[in-house]
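Trainee: data16.pdb is reproduced in full below (PDB, C-alpha atoms and all ligand atoms).
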```
MODEL        1
ATOM      1  CA  MET A   7       0.000   0.000   0.000
ATOM      2  CA  ALA A   8       1.282   3.490  -0.811
ATOM      3  CA  THR A   9       1.861   5.504   2.325
ATOM      4  CA  ASN A  10       0.614   8.971   2.945
ATOM      5  CA  ALA A  11       3.757  10.540   4.365
ATOM      6  CA  THR A  12       1.831  13.337   6.029
ATOM      7  CA  VAL A  13      -0.029  10.911   8.298
ATOM      8  CA  ARG A  14       1.908   9.430  11.180
ATOM      9  CA  GLY A  15       0.184   7.679  14.054
ATOM     10  CA  ARG A  16       1.720   6.090  17.089
ATOM     11  CA  PHE A  17       1.029   3.398  19.610
ATOM     12  CA  ALA A  18       2.724   4.283  22.890
ATOM     13  CA  PRO A  19       2.223   1.564  25.474
ATOM     14  CA  SER A  20       3.843   1.416  28.893
ATOM     15  CA  PRO A  21       5.694  -1.894  29.129
ATOM     16  CA  SER A  22       4.752  -2.486  32.753
ATOM     17  CA  GLY A  23       3.298  -5.960  32.269
ATOM     18  CA  ARG A  24       1.567  -8.100  29.691
ATOM     19  CA  MET A  25      -0.952  -6.254  27.505
ATOM     20  CA  HIS A  26      -4.600  -6.956  28.262
ATOM     21  CA  LEU A  27      -7.766  -6.700  26.215
ATOM     22  CA  GLY A  28      -8.056  -2.939  26.829
ATOM     23  CA  ASN A  29      -4.540  -2.230  25.483
ATOM     24  CA  LEU A  30      -5.259  -4.397  22.443
ATOM     25  CA  PHE A  31      -8.477  -2.517  21.786
ATOM     26  CA  ALA A  32      -6.583   0.810  21.691
ATOM     27  CA  ALA A  33      -3.754  -0.716  19.650
ATOM     28  CA  LEU A  34      -6.111  -2.090  16.996
ATOM     29  CA  LEU A  35      -7.870   1.275  16.693
ATOM     30  CA  ALA A  36      -4.559   3.167  16.424
ATOM     31  CA  TRP A  37      -3.460   0.736  13.723
ATOM     32  CA  LEU A  38      -6.768   1.007  11.815
ATOM     33  CA  ASP A  39      -6.814   4.805  11.989
ATOM     34  CA  VAL A  40      -3.417   5.071  10.352
ATOM     35  CA  ARG A  41      -3.842   2.215   7.859
ATOM     36  CA  HIS A  42      -7.206   3.607   6.778
ATOM     37  CA  LEU A  43      -5.537   6.948   6.069
ATOM     38  CA  GLY A  44      -2.605   5.255   4.321
ATOM     39  CA  GLY A  45      -0.113   6.640   6.838
ATOM     40  CA  GLU A  46       2.714   5.291   8.957
ATOM     41  CA  LEU A  47       2.511   3.858  12.452
ATOM     42  CA  LEU A  48       5.263   4.101  15.005
ATOM     43  CA  LEU A  49       5.720   2.107  18.184
ATOM     44  CA  ARG A  50       7.103   3.978  21.156
ATOM     45  CA  MET A  51       7.818   2.335  24.486
ATOM     46  CA  GLU A  52       6.825   4.556  27.403
ATOM     47  CA  ASP A  53       9.134   2.999  29.938
ATOM     48  CA  LEU A  54       9.951   6.084  31.985
ATOM     49  CA  ASP A  55       9.015   4.587  35.306
ATOM     50  CA  PRO A  56      11.828   2.250  36.357
ATOM     51  CA  ASP A  57       9.745   0.863  39.216
ATOM     52  CA  ARG A  58       7.059  -0.436  36.879
ATOM     53  CA  CYS A  59       8.782  -1.192  33.568
ATOM     54  CA  ARG A  60      11.029  -4.164  32.911
ATOM     55  CA  PRO A  61      13.215  -4.696  29.813
ATOM     56  CA  GLU A  62      11.774  -8.153  29.084
ATOM     57  CA  TYR A  63       8.281  -6.674  28.759
ATOM     58  CA  LEU A  64       9.334  -4.664  25.692
ATOM     59  CA  SER A  65      10.102  -7.562  23.407
ATOM     60  CA  GLN A  66       7.104  -9.473  24.705
ATOM     61  CA  LEU A  67       4.852  -6.530  23.936
ATOM     62  CA  ALA A  68       6.190  -6.235  20.386
ATOM     63  CA  ASP A  69       5.822  -9.988  19.919
ATOM     64  CA  ASP A  70       2.209  -9.852  21.119
ATOM     65  CA  LEU A  71       1.378  -7.102  18.605
ATOM     66  CA  ILE A  72       2.897  -9.124  15.763
ATOM     67  CA  TRP A  73       1.003 -12.232  16.873
ATOM     68  CA  LEU A  74      -2.211 -10.237  16.656
ATOM     69  CA  GLY A  75      -1.330  -9.096  13.123
ATOM     70  CA  LEU A  76      -0.510  -5.470  13.917
ATOM     71  CA  ASP A  77       2.628  -4.112  12.280
ATOM     72  CA  TRP A  78       4.426  -0.788  12.496
ATOM     73  CA  ASP A  79       6.634   1.116  10.097
ATOM     74  CA  LEU A  80       9.070   2.709  12.487
ATOM     75  CA  GLY A  81       9.799   2.659  16.159
ATOM     76  CA  TRP A  82      10.892   0.031  18.602
ATOM     77  CA  ARG A  83      12.849  -3.011  17.360
ATOM     78  CA  PRO A  84      14.983  -5.389  19.384
ATOM     79  CA  GLY A  85      18.243  -3.646  20.211
ATOM     80  CA  GLU A  86      16.943  -0.285  18.998
ATOM     81  CA  THR A  87      16.630   2.175  21.859
ATOM     82  CA  ALA A  88      15.775   5.380  19.976
ATOM     83  CA  TYR A  89      12.071   4.859  20.600
ATOM     84  CA  CYS A  90      12.257   4.032  24.306
ATOM     85  CA  GLN A  91      11.487   6.910  26.605
ATOM     86  CA  SER A  92      14.025   5.671  29.135
ATOM     87  CA  CYS A  93      16.735   6.410  26.532
ATOM     88  CA  ARG A  94      15.465   9.824  25.501
ATOM     89  CA  THR A  95      16.376  11.819  28.592
ATOM     90  CA  PRO A  96      18.559  14.318  26.656
ATOM     91  CA  PHE A  97      15.521  15.407  24.625
ATOM     92  CA  TYR A  98      13.402  15.898  27.750
ATOM     93  CA  GLN A  99      16.246  17.777  29.361
ATOM     94  CA  ALA A 100      16.464  20.111  26.359
ATOM     95  CA  ALA A 101      12.696  20.699  26.376
ATOM     96  CA  PHE A 102      12.826  21.379  30.109
ATOM     97  CA  LYS A 103      15.633  23.888  29.556
ATOM     98  CA  THR A 104      13.680  25.659  26.820
ATOM     99  CA  LEU A 105      10.772  26.176  29.195
ATOM    100  CA  ALA A 106      13.072  27.123  32.064
ATOM    101  CA  SER A 107      14.854  29.716  29.917
ATOM    102  CA  ARG A 108      11.499  31.489  29.576
ATOM    103  CA  GLY A 109      11.119  31.634  33.341
ATOM    104  CA  LEU A 110       8.218  29.185  33.305
ATOM    105  CA  VAL A 111       9.713  26.494  35.522
ATOM    106  CA  TYR A 112      10.006  26.533  39.314
ATOM    107  CA  PRO A 113      10.888  24.066  42.062
ATOM    108  CA  CYS A 114       8.089  22.653  44.174
ATOM    109  CA  TYR A 115       9.109  21.354  47.579
ATOM    110  CA  CYS A 116       5.659  20.242  48.662
ATOM    111  CA  SER A 117       5.337  16.800  50.144
ATOM    112  CA  ARG A 118       2.361  14.742  49.078
ATOM    113  CA  LYS A 119       0.465  15.956  52.124
ATOM    114  CA  GLU A 120       1.308  19.604  51.482
ATOM    115  CA  ARG A 121       0.377  19.206  47.843
ATOM    116  CA  LEU A 122      -3.052  17.954  48.767
ATOM    117  CA  ALA A 123      -3.509  20.780  51.235
ATOM    118  CA  ALA A 124      -2.361  23.324  48.642
ATOM    119  CA  SER A 125      -4.694  22.166  45.929
ATOM    120  CA  ALA A 126      -8.357  22.309  45.017
ATOM    121  CA  PRO A 127     -10.140  19.061  44.173
ATOM    122  CA  HIS A 128     -12.239  20.310  41.290
ATOM    123  CA  ALA A 129     -10.426  19.441  38.077
ATOM    124  CA  ALA A 130     -12.776  17.805  35.579
ATOM    125  CA  ASP A 131     -11.338  14.336  36.108
ATOM    126  CA  GLY A 132     -11.255  14.602  39.900
ATOM    127  CA  ALA A 133      -7.542  15.401  39.868
ATOM    128  CA  ARG A 134      -6.477  18.178  42.170
ATOM    129  CA  ILE A 135      -5.390  21.584  40.961
ATOM    130  CA  TYR A 136      -2.144  22.747  42.496
ATOM    131  CA  SER A 137      -2.420  26.216  44.000
ATOM    132  CA  GLY A 138       0.979  27.489  42.881
ATOM    133  CA  ARG A 139       2.120  27.660  46.519
ATOM    134  CA  CYS A 140       5.848  27.187  45.778
ATOM    135  CA  ARG A 141       5.733  29.818  43.046
ATOM    136  CA  ARG A 142       5.002  32.436  45.704
ATOM    137  CA  LEU A 143       7.650  31.559  48.265
ATOM    138  CA  SER A 144       9.641  34.425  49.702
ATOM    139  CA  ALA A 145      13.375  34.533  49.011
ATOM    140  CA  GLN A 146      13.928  33.512  52.614
ATOM    141  CA  GLU A 147      11.614  30.521  52.427
ATOM    142  CA  LYS A 148      13.243  29.460  49.162
ATOM    143  CA  THR A 149      16.733  29.554  50.617
ATOM    144  CA  ALA A 150      15.623  27.604  53.668
ATOM    145  CA  LEU A 151      14.097  24.908  51.476
ATOM    146  CA  GLN A 152      17.140  24.743  49.224
ATOM    147  CA  GLU A 153      19.321  24.297  52.258
ATOM    148  CA  SER A 154      17.070  21.638  53.761
ATOM    149  CA  GLY A 155      18.487  19.158  51.247
ATOM    150  CA  ARG A 156      15.003  18.148  50.131
ATOM    151  CA  SER A 157      14.992  17.563  46.370
ATOM    152  CA  PRO A 158      12.183  19.419  44.629
ATOM    153  CA  ALA A 159       9.877  18.439  41.824
ATOM    154  CA  TRP A 160       9.808  20.989  38.993
ATOM    155  CA  ARG A 161       6.575  22.558  37.834
ATOM    156  CA  VAL A 162       5.695  24.664  34.856
ATOM    157  CA  GLN A 163       3.661  27.807  35.357
ATOM    158  CA  VAL A 164       0.674  27.732  33.026
ATOM    159  CA  PRO A 165      -0.960  30.892  31.696
ATOM    160  CA  GLY A 166      -4.652  31.797  31.823
ATOM    161  CA  GLU A 167      -4.923  30.565  28.263
ATOM    162  CA  ILE A 168      -7.811  28.597  26.841
ATOM    163  CA  ILE A 169      -6.723  25.533  24.885
ATOM    164  CA  SER A 170      -9.344  24.240  22.439
ATOM    165  CA  PHE A 171      -9.244  21.266  20.149
ATOM    166  CA  VAL A 172     -11.646  19.006  18.323
ATOM    167  CA  ASP A 173     -11.309  15.370  19.266
ATOM    168  CA  GLU A 174     -12.160  13.031  16.409
ATOM    169  CA  VAL A 175     -14.373  10.948  18.723
ATOM    170  CA  PHE A 176     -15.316  13.227  21.634
ATOM    171  CA  GLY A 177     -15.822  16.424  19.625
ATOM    172  CA  PRO A 178     -14.944  19.988  20.696
ATOM    173  CA  GLN A 179     -13.013  20.289  23.957
ATOM    174  CA  GLN A 180     -11.662  23.222  25.847
ATOM    175  CA  GLU A 181      -9.836  23.972  29.037
ATOM    176  CA  ARG A 182      -8.458  27.053  30.703
ATOM    177  CA  LEU A 183      -5.057  25.941  31.862
ATOM    178  CA  ASP A 184      -4.661  27.959  35.069
ATOM    179  CA  ARG A 185      -8.200  27.359  36.304
ATOM    180  CA  ASP A 186      -8.914  23.807  35.094
ATOM    181  CA  CYS A 187      -5.459  22.304  35.310
ATOM    182  CA  GLY A 188      -2.959  24.408  37.273
ATOM    183  CA  ASP A 189       0.828  24.338  37.279
ATOM    184  CA  PHE A 190       1.874  20.770  36.566
ATOM    185  CA  ILE A 191       4.985  18.707  37.154
ATOM    186  CA  LEU A 192       7.617  18.427  34.415
ATOM    187  CA  ARG A 193      10.195  16.567  36.448
ATOM    188  CA  ARG A 194       9.618  14.483  39.523
ATOM    189  CA  SER A 195      11.672  14.929  42.676
ATOM    190  CA  ASP A 196      13.520  11.694  41.848
ATOM    191  CA  GLY A 197      14.719  13.306  38.598
ATOM    192  CA  ILE A 198      12.437  11.385  36.256
ATOM    193  CA  TYR A 199      10.733  13.496  33.615
ATOM    194  CA  ALA A 200       6.964  13.460  33.840
ATOM    195  CA  TYR A 201       4.700  11.739  31.363
ATOM    196  CA  GLN A 202       3.233  15.044  30.061
ATOM    197  CA  LEU A 203       6.607  16.477  29.092
ATOM    198  CA  ALA A 204       7.936  13.232  27.612
ATOM    199  CA  VAL A 205       4.835  12.611  25.506
ATOM    200  CA  ALA A 206       4.636  16.166  24.169
ATOM    201  CA  GLU A 207       8.338  16.243  23.338
ATOM    202  CA  ASP A 208       8.189  12.802  21.698
ATOM    203  CA  ASP A 209       4.993  13.383  19.725
ATOM    204  CA  GLY A 210       6.460  16.671  18.504
ATOM    205  CA  ARG A 211       9.949  15.473  17.669
ATOM    206  CA  MET A 212       8.693  12.242  16.091
ATOM    207  CA  GLY A 213       6.338  14.158  13.788
ATOM    208  CA  VAL A 214       3.209  12.430  15.070
ATOM    209  CA  THR A 215       0.029  13.702  13.403
ATOM    210  CA  ARG A 216      -2.535  11.263  14.875
ATOM    211  CA  VAL A 217      -2.848  10.299  18.539
ATOM    212  CA  VAL A 218      -5.220   7.412  19.304
ATOM    213  CA  ARG A 219      -5.528   6.420  22.977
ATOM    214  CA  GLY A 220      -8.033   5.793  25.782
ATOM    215  CA  TRP A 221     -10.247   8.703  26.848
ATOM    216  CA  ASP A 222      -8.724   8.588  30.326
ATOM    217  CA  LEU A 223      -6.037  10.795  28.720
ATOM    218  CA  LEU A 224      -8.502  13.293  27.252
ATOM    219  CA  SER A 225      -7.928  15.634  30.209
ATOM    220  CA  SER A 226      -4.138  15.490  29.684
ATOM    221  CA  THR A 227      -4.472  16.673  26.105
ATOM    222  CA  PRO A 228      -4.680  20.459  26.717
ATOM    223  CA  ARG A 229      -1.448  20.296  28.735
ATOM    224  CA  GLN A 230       0.241  18.362  25.938
ATOM    225  CA  ILE A 231      -1.039  20.747  23.251
ATOM    226  CA  TRP A 232       0.241  23.717  25.221
ATOM    227  CA  LEU A 233       3.654  22.070  25.666
ATOM    228  CA  LEU A 234       3.839  21.182  21.973
ATOM    229  CA  GLU A 235       3.134  24.798  21.110
ATOM    230  CA  GLN A 236       5.676  26.084  23.628
ATOM    231  CA  LEU A 237       8.298  23.780  22.144
ATOM    232  CA  GLY A 238       7.526  24.878  18.601
ATOM    233  CA  TYR A 239       5.980  21.624  17.344
ATOM    234  CA  SER A 240       2.816  21.043  15.326
ATOM    235  CA  VAL A 241      -0.169  19.702  17.211
ATOM    236  CA  PRO A 242      -1.533  16.308  16.144
ATOM    237  CA  THR A 243      -5.178  15.321  15.744
ATOM    238  CA  TYR A 244      -6.479  13.474  18.800
ATOM    239  CA  CYS A 245      -8.829  10.485  18.741
ATOM    240  CA  HIS A 246      -9.729   9.324  22.236
ATOM    241  CA  VAL A 247     -11.323   5.922  22.366
ATOM    242  CA  PRO A 248     -13.773   4.244  24.756
ATOM    243  CA  LEU A 249     -12.446   2.097  27.579
ATOM    244  CA  LEU A 250     -13.225  -1.533  28.208
ATOM    245  CA  LYS A 251     -14.800  -2.134  31.598
ATOM    246  CA  SER A 252     -15.784  -5.051  33.764
ATOM    247  CA  PRO A 253     -19.512  -5.536  34.549
ATOM    248  CA  ALA A 254     -18.818  -3.825  37.906
ATOM    249  CA  GLY A 255     -17.763  -0.728  35.953
ATOM    250  CA  ARG A 256     -14.074  -1.051  36.719
ATOM    251  CA  ARG A 257     -11.632  -0.336  33.933
ATOM    252  CA  LEU A 258      -9.902  -3.494  32.695
ATOM    253  CA  SER A 259      -6.342  -3.409  33.856
ATOM    254  CA  LYS A 260      -3.241  -5.491  34.072
ATOM    255  CA  ARG A 261      -4.700  -6.992  37.233
ATOM    256  CA  ASP A 262      -7.249  -8.825  35.111
ATOM    257  CA  ARG A 263      -4.892 -11.675  34.532
ATOM    258  CA  ASP A 264      -7.403 -13.816  32.674
ATOM    259  CA  LEU A 265      -7.666 -11.202  29.935
ATOM    260  CA  ASP A 266      -3.974 -10.660  29.438
ATOM    261  CA  MET A 267      -2.087 -11.725  26.340
ATOM    262  CA  GLY A 268      -0.544 -14.727  28.048
ATOM    263  CA  TYR A 269      -3.941 -16.214  28.654
ATOM    264  CA  LEU A 270      -5.466 -15.043  25.383
ATOM    265  CA  ARG A 271      -2.657 -16.464  23.240
ATOM    266  CA  ALA A 272      -3.031 -19.824  24.945
ATOM    267  CA  HIS A 273      -6.788 -19.942  24.508
ATOM    268  CA  THR A 274      -7.677 -18.398  21.169
ATOM    269  CA  THR A 275      -6.433 -17.433  17.731
ATOM    270  CA  PRO A 276      -5.362 -13.960  16.536
ATOM    271  CA  GLU A 277      -8.254 -13.912  14.046
ATOM    272  CA  LYS A 278     -10.869 -14.646  16.698
ATOM    273  CA  LEU A 279      -9.371 -12.068  19.018
ATOM    274  CA  VAL A 280      -9.307  -9.391  16.297
ATOM    275  CA  GLY A 281     -12.938 -10.271  15.509
ATOM    276  CA  LEU A 282     -13.902  -9.815  19.154
ATOM    277  CA  LEU A 283     -12.076  -6.465  19.367
ATOM    278  CA  ALA A 284     -13.685  -5.292  16.119
ATOM    279  CA  TYR A 285     -17.090  -6.289  17.458
ATOM    280  CA  LEU A 286     -16.443  -4.419  20.728
ATOM    281  CA  ALA A 287     -15.362  -1.413  18.646
ATOM    282  CA  GLY A 288     -18.675  -1.426  16.771
ATOM    283  CA  LEU A 289     -16.971  -2.196  13.468
ATOM    284  CA  ILE A 290     -18.761  -5.495  12.805
ATOM    285  CA  PRO A 291     -22.223  -6.671  13.954
ATOM    286  CA  ARG A 292     -21.053  -9.889  15.619
ATOM    287  CA  PRO A 293     -17.682 -11.418  16.479
ATOM    288  CA  THR A 294     -16.276 -13.066  13.359
ATOM    289  CA  ALA A 295     -12.750 -14.372  12.843
ATOM    290  CA  LEU A 296     -10.809 -11.964  10.623
ATOM    291  CA  ARG A 297      -7.497 -10.216  10.083
ATOM    292  CA  PRO A 298      -6.894  -6.541  10.931
ATOM    293  CA  SER A 299      -6.451  -5.729   7.234
ATOM    294  CA  ASP A 300     -10.027  -6.922   6.534
ATOM    295  CA  LEU A 301     -11.266  -4.002   8.642
ATOM    296  CA  VAL A 302      -9.299  -1.244   6.906
ATOM    297  CA  PRO A 303     -11.604  -0.334   3.977
ATOM    298  CA  GLU A 304     -14.736   0.157   6.084
ATOM    299  CA  PHE A 305     -13.101   1.735   9.127
ATOM    300  CA  SER A 306     -14.764   4.905  10.438
ATOM    301  CA  TRP A 307     -14.649   6.681  13.808
ATOM    302  CA  SER A 308     -18.390   7.271  13.593
ATOM    303  CA  LYS A 309     -18.928   3.537  14.089
ATOM    304  CA  VAL A 310     -16.821   3.502  17.234
ATOM    305  CA  GLY A 311     -18.638   6.178  19.247
ATOM    306  CA  GLN A 312     -17.937   7.305  22.801
ATOM    307  CA  ALA A 313     -19.561   4.770  25.117
ATOM    308  CA  ASP A 314     -17.341   2.549  27.232
ATOM    309  CA  ARG A 315     -17.730  -1.158  26.549
ATOM    310  CA  ILE A 316     -18.661  -3.679  29.199
ATOM    311  CA  VAL A 317     -16.778  -6.923  28.845
ATOM    312  CA  ASP A 318     -18.646  -9.749  30.561
ATOM    313  CA  ASP A 319     -18.270 -13.527  30.572
ATOM    314  CA  GLY A 320     -20.250 -13.678  27.328
ATOM    315  CA  ILE A 321     -17.119 -12.690  25.430
ATOM    316  CA  TRP A 322     -15.630 -16.142  25.948
ATOM    317  CA  GLU A 323     -18.182 -17.498  23.512
ATOM    318  CA  ALA A 324     -16.494 -15.393  20.833
ATOM    319  CA  LEU A 325     -13.075 -16.848  21.531
TER     320      LEU A 325
HETATM  321  N1  LIG B 401       1.811   5.144  27.784
HETATM  322  C1  LIG B 401       0.446   5.457  28.053
HETATM  323  C2  LIG B 401      -0.319   4.217  28.483
HETATM  324  O1  LIG B 401       0.093   3.121  28.243
HETATM  325  C3  LIG B 401      -0.251   6.036  26.849
HETATM  326  C4  LIG B 401       0.261   7.361  26.526
HETATM  327  C5  LIG B 401      -0.344   8.008  25.314
HETATM  328  O2  LIG B 401      -0.892   7.315  24.436
HETATM  329  O3  LIG B 401      -0.229   9.224  25.244
HETATM  330  O4  LIG B 401      -1.350   4.332  29.097
HETATM  331 ZN    ZN B 402       4.889  23.158  46.061
ENDMDL
END
```
For this file, write the structure as structure tokens.
Mentor:
Amino acid sequence: MATNATVRGRFAPSPSGRMHLGNLFAALLAWLDVRHLGGELLLRMEDLDPDRCRPEYLSQLADDLIWLGLDWDLGWRPGETAYCQSCRTPFYQAAFKTLASRGLVYPCYCSRKERLAASAPHAADGARIYSGRCRRLSAQEKTALQESGRSPAWRVQVPGEIISFVDEVFGPQQERLDRDCGDFILRRSDGIYAYQLAVAEDDGRMGVTRVVRGWDLLSSTPRQIWLLEQLGYSVPTYCHVPLLKSPAGRRLSKRDRDLDMGYLRAHTTPEKLVGLLAYLAGLIPRPTALRPSDLVPEFSWSKVGQADRIVDDGIWEAL
């Protein structure tokens, strides 16, 4: 198939365990979005958190995608570290410096307890909005904290700017950064760059034009758009997808062992699994064994819709 060089999507999983049905659902949709548009897909490993990510998960994750029939044009390969966030620290450092050189970055010495006390609990997703407490410290207070030996996290000061975008699935969105989000962390106190900075820098530098991911990240998008703009990158189109949930309404997670790739690979075929995912996505009327490429011609976001999907025991009949 000829590729449309102006379209570049990405799948950016965190290799913190075996993928489960929910990750596969997002991966298939990211793959279909880009294949339908004739673009390229890249695979980026978001392994920033050394406590959660293990090297052996990376190759297993790639192997699981290939087993399912999902391919990618650039990105992670065995022995290739350019697309692993853990190896991209110099880029995050440079982005951090750019923001710092504009006077937008400041140290935050708040402990978890102080952070909670200094924040309001009314962000749209229930997250707390940091009050900017450490931005207003007196020179004396600052010196005392610096001398205390406590290592700070680093926050970026956001303006009272409204960020608007049109999500391909969830429609028009907007957020006023200072009121709805607040100053957010760019680098944790342990020195690790935060997800928001890493993703914005990577999506920008890697020339990503399509971001497909679960809607739990919808509320992170204005922060990422603002960072992309600050860093001089183009802003991609966002497509946030429904989440898969258990009948109790809990999001499927890596704790749901029975739905992870280890179990699924032992109990079904890639074609049946793709058929189930396509059915859950609203792309076919009933689960039917097929290959991802069979879904490309008819793919449309309007079929997917916004509603989360409940995955109950009935799905085993499809496998
Ligand atoms: N690495 C994130 C996750 O696995 C996704 C990040 C993104 O797509 O922006 O949940
Ligand atoms: Zn603080």
Trainee: Using 9 Å as the limit and counting only C-alpha atoms and all ligand atoms, can you tabulate each residue of chain A that touches ligand LIG 401 (chain B), with its shortest atom-to-atom distance in Å and the two atoms involved, as CSV?
Mentor:
```
residue,atom,partner,partner_atom,distance
A:Arg16,CA,B:LIG401,O2,7.9
A:Phe17,CA,B:LIG401,O2,6.5
A:Ala18,CA,B:LIG401,O2,5.0
A:Pro19,CA,B:LIG401,O1,3.8
A:Ser20,CA,B:LIG401,O1,4.2
A:Pro21,CA,B:LIG401,O1,7.6
A:Ser22,CA,B:LIG401,O1,8.6
A:Asn29,CA,B:LIG401,O1,7.6
A:Arg50,CA,B:LIG401,N1,8.6
A:Met51,CA,B:LIG401,N1,7.4
A:Glu52,CA,B:LIG401,N1,5.1
A:Asp53,CA,B:LIG401,N1,7.9
A:Tyr201,CA,B:LIG401,C4,7.9
A:Gln202,CA,B:LIG401,O3,8.3
A:Val205,CA,B:LIG401,O3,6.1
A:Ala206,CA,B:LIG401,O3,8.5
A:Asp209,CA,B:LIG401,O3,8.7
A:Val217,CA,B:LIG401,O2,6.9
A:Val218,CA,B:LIG401,O2,6.7
A:Arg219,CA,B:LIG401,O2,4.9
A:Gly220,CA,B:LIG401,O2,7.4
A:Asp222,CA,B:LIG401,O4,8.6
A:Leu223,CA,B:LIG401,O3,6.9
A:Ser226,CA,B:LIG401,O3,8.6
A:Thr227,CA,B:LIG401,O3,8.6
```
Trainee: I'd like a table as a Markdown table: residues in chain A with an atom no more than 9 Å from ligand ZN 402 (chain B), each row giving the shortest atom pair and its distance in Å to one decimal, only C-alpha atoms and all ligand atoms counted, sorted by chain and rising residue number.
Mentor:
```
| residue | atom | partner | partner_atom | distance |
| --- | --- | --- | --- | --- |
| A:Pro113 | CA | B:ZN402 | ZN | 7.3 |
| A:Cys114 | CA | B:ZN402 | ZN | 3.7 |
| A:Tyr115 | CA | B:ZN402 | ZN | 4.8 |
| A:Cys116 | CA | B:ZN402 | ZN | 4.0 |
| A:Ser117 | CA | B:ZN402 | ZN | 7.6 |
| A:Glu120 | CA | B:ZN402 | ZN | 7.4 |
| A:Arg121 | CA | B:ZN402 | ZN | 6.3 |
| A:Ala124 | CA | B:ZN402 | ZN | 7.7 |
| A:Tyr136 | CA | B:ZN402 | ZN | 7.9 |
| A:Ser137 | CA | B:ZN402 | ZN | 8.2 |
| A:Gly138 | CA | B:ZN402 | ZN | 6.6 |
| A:Arg139 | CA | B:ZN402 | ZN | 5.3 |
| A:Cys140 | CA | B:ZN402 | ZN | 4.2 |
| A:Arg141 | CA | B:ZN402 | ZN | 7.4 |
| A:Pro158 | CA | B:ZN402 | ZN | 8.3 |
| A:Ala159 | CA | B:ZN402 | ZN | 8.1 |
| A:Trp160 | CA | B:ZN402 | ZN | 8.9 |
| A:Arg161 | CA | B:ZN402 | ZN | 8.4 |
```
Trainee: Separation of CA of Pro56 (chain A) and CA of Ser92 (chain A), in Å?
Mentor: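 It comes out at 8.3 Å.
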Trainee: Name the residues, using the chain letters and numbers of the file, that sit within 12 Å of (-19.7, -5.6, 15.1) when counting all atoms listed in the file, and give them as a PyMOL selection string.
Mentor: chain A and resi 280-296+301+304-305+309-310+324
Trainee: Quote the spacing between CA of Leu249 (chain A) and CA of Leu30 (chain A) in Å to one decimal place.
Mentor: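 If I compute the distance from CA of Leu249 (chain A) to CA of Leu30 (chain A), I get 11.0 Å.
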Trainee: If you apply the PyMOL selection byres (((chain A and resi 177-182) around 12) and not hetatm) to this file, what residues do you get, as a PyMOL selection string?
Mentor: chain A and resi 129-130+164-176+183-189+221+224-232+243-247+307-308+311-312
Trainee: Grab the CA of Tyr199 (chain A) to CA of Leu54 (chain A) distance for me, in Å with one decimal place.
Mentor: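 Straight-line distance from CA of Tyr199 (chain A) to CA of Leu54 (chain A) works out to 7.6 Å.
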Trainee: Considering only C-alpha atoms, can you say which of A:Val162, A:Ile135, A:Leu35, A:Val13 comes closest to Phe102 (chain A)?
Mentor: A:Val162
Trainee: My list of candidates is A:Ile72, A:Cys59, A:Ala204, A:Ala123. Which is closest to Gly23 (chain A) when distances are computed with all atoms listed in the file?
Mentor: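 Residue with the minimum atom-to-atom distance to Gly23 (chain A): A:Cys59.
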Trainee: Using only C-alpha atoms for the distances, tell me which of A:Ile321, A:Ile316, A:Leu67, A:Val302 is nearest to Arg41 (chain A).
Mentor: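 Of the candidates, the smallest distance to Arg41 (chain A) is held by A:Val302.
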Trainee: Would you kindly translate the PyMOL selection byres (((chain A and resi 84) around 12) and not hetatm) into the concrete residues it picks from this file, as a compact mmCIF listing (two decimals) with C-alpha atoms, keeping the file's coordinate frame?
Mentor:
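expr-v2.txt, freshly written:
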```txt
# COMPACT_ATOMS: atom_id res chain seq x y z
CA LEU A 49 5.72 2.11 18.18
CA MET A 51 7.82 2.34 24.49
CA PRO A 61 13.22 -4.70 29.81
CA GLU A 62 11.77 -8.15 29.08
CA TYR A 63 8.28 -6.67 28.76
CA LEU A 64 9.33 -4.66 25.69
CA SER A 65 10.10 -7.56 23.41
CA GLN A 66 7.10 -9.47 24.70
CA LEU A 67 4.85 -6.53 23.94
CA ALA A 68 6.19 -6.24 20.39
CA ASP A 69 5.82 -9.99 19.92
CA GLY A 81 9.80 2.66 16.16
CA TRP A 82 10.89 0.03 18.60
CA ARG A 83 12.85 -3.01 17.36
CA GLY A 85 18.24 -3.65 20.21
CA GLU A 86 16.94 -0.28 19.00
CA THR A 87 16.63 2.17 21.86
CA ALA A 88 15.78 5.38 19.98
CA TYR A 89 12.07 4.86 20.60
CA CYS A 90 12.26 4.03 24.31
```
Trainee: For region 46-57 of chain A, I'd like the enclosing box, axis-aligned and padded by 3 Å on every side, reported as lines of an AutoDock Vina configuration file with centre and edge lengths in Å to one decimal.
Mentor:
```
center_x = 7.2
center_y = 3.5
center_z = 24.1
size_x = 15.3
size_y = 11.2
size_z = 36.3
```
Trainee: Looking at A:Lys119, A:Glu207, A:Leu234, A:Ser306, which one is nearest to Leu43 (chain A), with distances taken over all atoms listed in the file?
Mentor: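 Among A:Lys119, A:Glu207, A:Leu234, A:Ser306, it is A:Ser306 that comes nearest to Leu43 (chain A).
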Trainee: Contacts of region 252-255 of chain A at 12 Å or less, counting all atoms listed in the file, minus same-chain residues fewer than 5 places along, as a list of chain:residue names?
Mentor: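 Returned residues: A:Leu27, A:Gly28, A:Arg261, A:Asp262, A:Leu265, A:Asp314, A:Arg315, A:Ile316, A:Val317, A:Asp318, A:Asp319, A:Gly320, A:Ile321.
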Trainee: Rank A:Phe31, A:Asp57, A:Lys148, A:Leu38 by their smallest atom-to-atom distance to Asp196 (chain A), using all atoms listed in the file, and report the top residue only.
Mentor: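 Closest to Asp196 (chain A) of all the choices is A:Asp57.
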